[in-house]
Amino acid sequence: MSLNRITILLAYSFVMGLFSFPAKGQPSQSLDSVIRIVELKQVKNDSILFELLFSLSTKHPNPETRIKYGNQAKMLGSRLDNLLMQRKSTLALGYAYKLKGDLRKALDYHLEGIDFANLIRDDIMLANSYNAIASVYTLQENYSLGVKYFNSAIKIYREQNDSVRLGVVLMNAGDLHRDNHNLDSALVFFLESKQIFDKINYPIGAAYNLGNIGLVYAEVGKDKTAEEYMNRAIQTLQKLGDIYPIATYQTSLANIYSKKGDLKRALNYAHSALNIGEEEGLKEQIRDASLKLSELYQTEGDYRKAYDYQSQYITYRDSINNEEVIRKMADLRTEYEVGQKQAEVDLKQTEVDLLNEQARNNQIVLWSVIVVLVLVLCLTYALLKVYRVKARAVRIVRQRRRVIAAQRDQLEDVNRTKDKFFSIISHDIRGPISNFQGVSQLIHLLVESKDYDGLLKLGTMLDTSTKEVSSLLDNLLEWAMSQQGRMPYKPETIKLHELCNSNLSIMENLATAKQITLTEKVIEKVSLTADKNSVSTIIRNLLSNAIKFTPEGGRVDLALSYDLNMAVLTVKDSGIGIPKEKMQHLFDFKGERSRWGTGGEKGVGLGLTLIHEFVELNKGKIEVDSEEGKGTTFKVYLPLVPSD
């Protein structure tokens, strides 16, 4: 858990009216008792029932359970026509969906909460919604929107003299400024928040601010002051039993003592930070502590330990980066969908305004007809004019709807293409490229230690990474050209068996490295009309995928046959198979794409998408038959040479 996430949880506790962190682990006995009471419908008083449902929606550790009882609480508020109940339920649902990781729905509920707060004219609730929305944008790393909503919440809390919530939102805003290296502003927010927590005697909040202030001073080079603040924070947090942020502070202290030349104390702090990260499962803290230990041992001259901790750092860095890429892509989609929803709301409001205006006109006309019968003809003419205005307004609205729908479809197509490229480049190319980092230093280290086996492994790793990058870039270039309509398609009569044997030769070394039995040669002679380059790409990717997902000692077979006027290319392996949930979107970029090969190879399925598009380019079709643990069979049907 990162320091930012902890700060947001602290904010959640205050905003929901609690003064402790949300429960961890299984529900307590008291929550189990509340669930039994609610499910057995033993409570007849609606107010008491709402409080029980609201308690479950804010305190239960399971987000799905929170959502279930939050919806029941909101339905009860709607049935009683109680806006306050509806508002509290909406806020709880927003936090539940954020805890679940569904940021789009979280924003939807918090935006709905703003409407409820405005209806009941409750400024504190409005500020709570602003703070909740800011925390979502903080998770999305959207600095500008996070600052905007934090400032709106701060303004209201100041006006209402709500010092408790003001202290929390000031700390959140300061952390957001620190993450974006706006250190002067961050320091101002942290100092004011600490003063508030000291005044209300809330030690854990004051301790977090002490540590955050220390981190700011460390970044600007005031090491002595930074050390003082972080040590005070660590002492308080250890007494309170809250060790999550201590690893972050200790890594920063290790850096301070490293600059002083006190390697012994620096190593002690770095090892302590690593131990906390490993005990609590904090990936970011493990990553940062491993990097610092690698640097310290390199300075000390212990290159073996430096190498080990550098490897551990790379492993955790890549794991976190992959999670970050996926999350950021989801966040981009969330922002787009929320914007679309706002546009729909605005359009509906315009329609409502037009209908309301028409209703008022009709009422005026009706009263005019009743009072002044003599003006019937004039009023009839006026009604006709109003009707024409209405029809014209409806035509305009419909036309605008069509334009908006067309623009939305175009934007979705552009976003889908962009998402494909981002997903491919960020996920697949990072692994092999990262293997090249620090190669010269590793070679020097291995030569000095005469670790020739290590050099051979390093050479094998570089060779594998080079092939991965080359294959990825070939596929990426061909796919990009096909998407832009620039992929050359030159159908000609080709001998499919010769093309198969050529690609078998290319894949022979890859199969041998994994001790996989590969078909030596295709004997069946088949001629067909197709584009030679794209068919070669189909064969190469099918063989590459089969080898990648077949364990050592397995088998990959390539065969040719006929089916009416079609040539049938069959690639069969004894690999791990394809899960049922991935079969539906096997050839597109929907759903989870990332998979690991049996030898640790990485991929996101670009090869299969390329195969599918090239098969359609050559007027063919593809079939897949797979069972987990028993292997996969791909059959590609391509048209034969037409008979005269």
# chains A, B, ... in the order shown; residues from 1 in each chain; ligands from 1
$ residues_around --residues "Gly174 in chain A" --least-positions-apart "3" --cutoff "6 Å" --atoms "only C-alpha atoms" --output "list in words"
Met171, His177, Ala186, Phe189 and Phe190 of chain A
$ select_by_dssp --residues "range 43-247 of chain A" --states "alpha helix (DSSP H)" --output "PyMOL selection string"
chain A and resi 46-59+63-79+83-100+103-119+123-139+143-159+163-179+183-200+203-219+223-240+246-247
$ atom_distance --atom1 "CA of Leu445 in chain A" --atom2 "CA of Ser294 in chain A"
13.7 Å
$ residues_around --residues "range 63-78 of chain A" --least-positions-apart "5" --cutoff "8 Å" --atoms "only C-alpha atoms" --output "VMD selection string"
chain A and resid 46 50 53 to 54 56 to 58 83 to 86 89 to 90 92 to 93 96 to 97 99 to 100
$ residues_around --residues "Lys514 in chain A" --least-positions-apart "4" --cutoff "10 Å" --atoms "only C-alpha atoms" --output "PyMOL selection string"
chain A and resi 509-510+547-548+550-554+598-599
$ closest_residue --among "A:Val535, A:Ala270, A:Leu455, A:Leu564" --to "Leu617 in chain A" --atoms "only C-alpha atoms"
A:Val535
